[in-house]
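Below is one structure; the comments refer to it alone.
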Amino acid sequence: MSSLNLRNSQYKKGSHHKSSSDKNKFCNFRINFLFFLILIAAVSIIIRLYILGVPSHAYYQELADNQHSIFKSLIPQRGKIYLKDGNNLYLAAVNKNTKMVYAVPKEVKNSAREAESLAKTLSLDKKNLQNKLSKPDDVYEVIKHRLNEDEIEAINKGKLNGIHLANETYRYYPTQKLASQVLGFVGWQKNNLGGRYGIENYFNLKLKGQAGKLYQDRDNSGNWIFTGKKEITYAKNGSDVVLTIDHTIQYETEKILQSAVEKFEADRGTIIVIEPKTGKVLAMANYPDFNPNQYQNVSDMENFINSAVSDPYECGSVFKAITLSAAVDDNKVNPNTTYVDTGQVKESGYTIRNSDLEAHGTQTMTQVLEKSLNTGAIYAERLLGNKNFADYVKRFGFGKISGINLPAENPGNINNLKNLKSNIQFFTASFGQGISVTPIQLVFAYNAIADGGVLMKPQIVEKIVHTDGTEENIEPQEERRVISQNTANQVTQMLRSVVTNGHGKRADVPGYSVAGKTGTAQVANTDKKGYAQGKSIGSFAGFAPTNNPQFTVLVRIDNPKGVQWAESSAAPTFGELMKFLLDYKNIKPTEKYTQADLNAFNRRHTLSDYFIKNDENNEQTEKNKQK
């Protein structure tokens, strides 16, 4: 019995030992397996951390530290705009970095106190600020853009609850008002920020560049999945645009134009300067102008408009050079061809008279331009024929846009030349009434005469510089030959005679052979037929020197007061500018001149308003006596 019990006891003890061993082995297996899983997880985490920390470090650093940084890489930098400055470039439009201040109203603890502090610091209205800060559920309110250094420092020192600074970029124009209508500006239109007017608008796509893209996996709630798939396409910055505008010439042109508009108390004025052989625009000025850095303060929207390309007008007698060019080119007349001026022409129940209301008897075509005889222009148009005349007008570039790289170009209106049987319309058109042209069309028509009969395409962009450094150069382009070289030579001498013997004397420059023509046009009523009483537009178009033209210039003065004729407003303005241009480019004199000639020129261009007005009033009094 005891022996059996012992065996049983030994059996049980051995059996228990075997069971514990199995359990220990299983336990160890579980521990090892768990350790292995932890090891795998740890290795996975280490690998993931490596991926996050090394290859994707920049991305996640930006994402974690400051989301503004990554978004900044998605926004392209707008290209710069340059003017020419000799052989160098002059910066006209650039991006400037600054800061804005914004509020998170739900973080603001004392709206009244913070509004008062901000009002003093930023020179803003306290009541308006308090309204913005008193919105408990609001998370974003813009307080002020474009802070100066003092304001930024004050905000940082103030440490107001819920008031934050953020980086922002804005368009800045270092030249201020210079070439403002040519440049335009960058502004908001609804929710779209882009170029408005001028080059900023015309080349907006090239200047603004291409925005980048960010793709990131999101969960069902729309939140970004930190470890999800991500793709970034970085922004492509905009291209730079280099204009043909010469900085110095533009500055002097604007100064002379402003002086003329103010001197004659005119409504506004326009001047265009071009290089004859290339068609490059060296200056394009309008006054009044505006400061594109403060475009939001402009009350008169017309100041944004570039009248040089957008404002057609009936140019008057300055158009007679076009009529005579066509007639000479078609061998209908030459500079010495004569006709008898009776002082008037009757057609379709109308009587057309010369501007001076006089009959001059036998006159040459050169004298037609010198004395600006309406009857002489009609005589030439009659010989040319209505259809032929209309064809020449079109060949000179009137009635359609010139194709200059500026927005809102107006084609003008020559619809009166469609009815070939309406002689009266063609007669008035021969001296620049009844049809409308833009300043850019008119100056390039004159430039065709200066350039030996070839019409050039207006060029205002020198080149476009892309972000990869490549350059897209714009080459001068000939549109077509309008008149022969021989015709251009003859008409040039006729226009030279206008300056030496006719109404263009005040446009002459001592030492240089200047050619050109005046034009004093009535202003058509916009709301009814006929012309506005007491209003006129004075123009002078010409070029110099005649043997090798370096500059073609158009001056337009709208509704000058105290003077009636362009010879006393636009012509002297032209002369003053042309003298500067010839001196600036060191063009050698083409004619002999004395100090007395120079003194007379300076005297003409320094007369006070009083003497200019009285000179014109006396001239008009004499004409009234002769009527």
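We label chains A, B, ... in the order they appear in the structure tokens, count residues from 1 in each chain, and number ligands from 1 in the order shown.
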
Nearby residues (only C-alpha atoms) at most 9 Å from A:Glu591, same-chain spacing under 2 positions excluded, as a short mmCIF file (atom, residue, chain, number, x, y, z; two decimals) with C-alpha atoms, in the first residue's frame:
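See around-v1.cif below for the written result:
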```cif
data_model
loop_
_atom_site.label_atom_id
_atom_site.label_comp_id
_atom_site.auth_asym_id
_atom_site.auth_seq_id
_atom_site.Cartn_x
_atom_site.Cartn_y
_atom_site.Cartn_z
CA PRO A 510 17.30 126.69 -83.97
CA GLY A 511 19.94 124.71 -85.85
CA TYR A 512 17.65 121.90 -86.98
CA SER A 513 15.28 121.34 -89.89
CA PRO A 589 22.80 120.64 -85.93
CA TYR A 593 21.86 129.46 -86.38
#
```

Based on DSSP run over this structure's backbone, return all residues of stretch 234-342 of chain A in strand (DSSP E or B), as a PyMOL selection string. chain A and resi 236+240-246+268-275+280-287+313+338-341

Nearest to A:Pro136: which of A:Gln258, A:Ser111, A:Gln296, A:Gln564 is it, counting only C-alpha atoms?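 The closest residue to A:Pro136 is A:Ser111.
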
Polymer residues at most 10 Å from A:Glu149, only C-alpha atoms, same-chain spacing of 5 or more positions, as a compact mmCIF listing (two decimals) with N, CA and C atoms, in the first residue's frame:
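Produced file selection_18.txt, reproduced below:
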```txt
# COMPACT_ATOMS: atom_id res chain seq x y z
N THR A 98 6.16 93.16 -47.11
CA THR A 98 5.81 93.90 -45.90
C THR A 98 4.97 92.98 -45.03
N LYS A 99 4.30 93.55 -44.06
CA LYS A 99 3.43 92.77 -43.18
C LYS A 99 2.06 93.42 -43.09
N ALA A 154 5.52 98.55 -33.20
CA ALA A 154 4.52 98.82 -32.17
C ALA A 154 3.61 97.62 -31.93
```
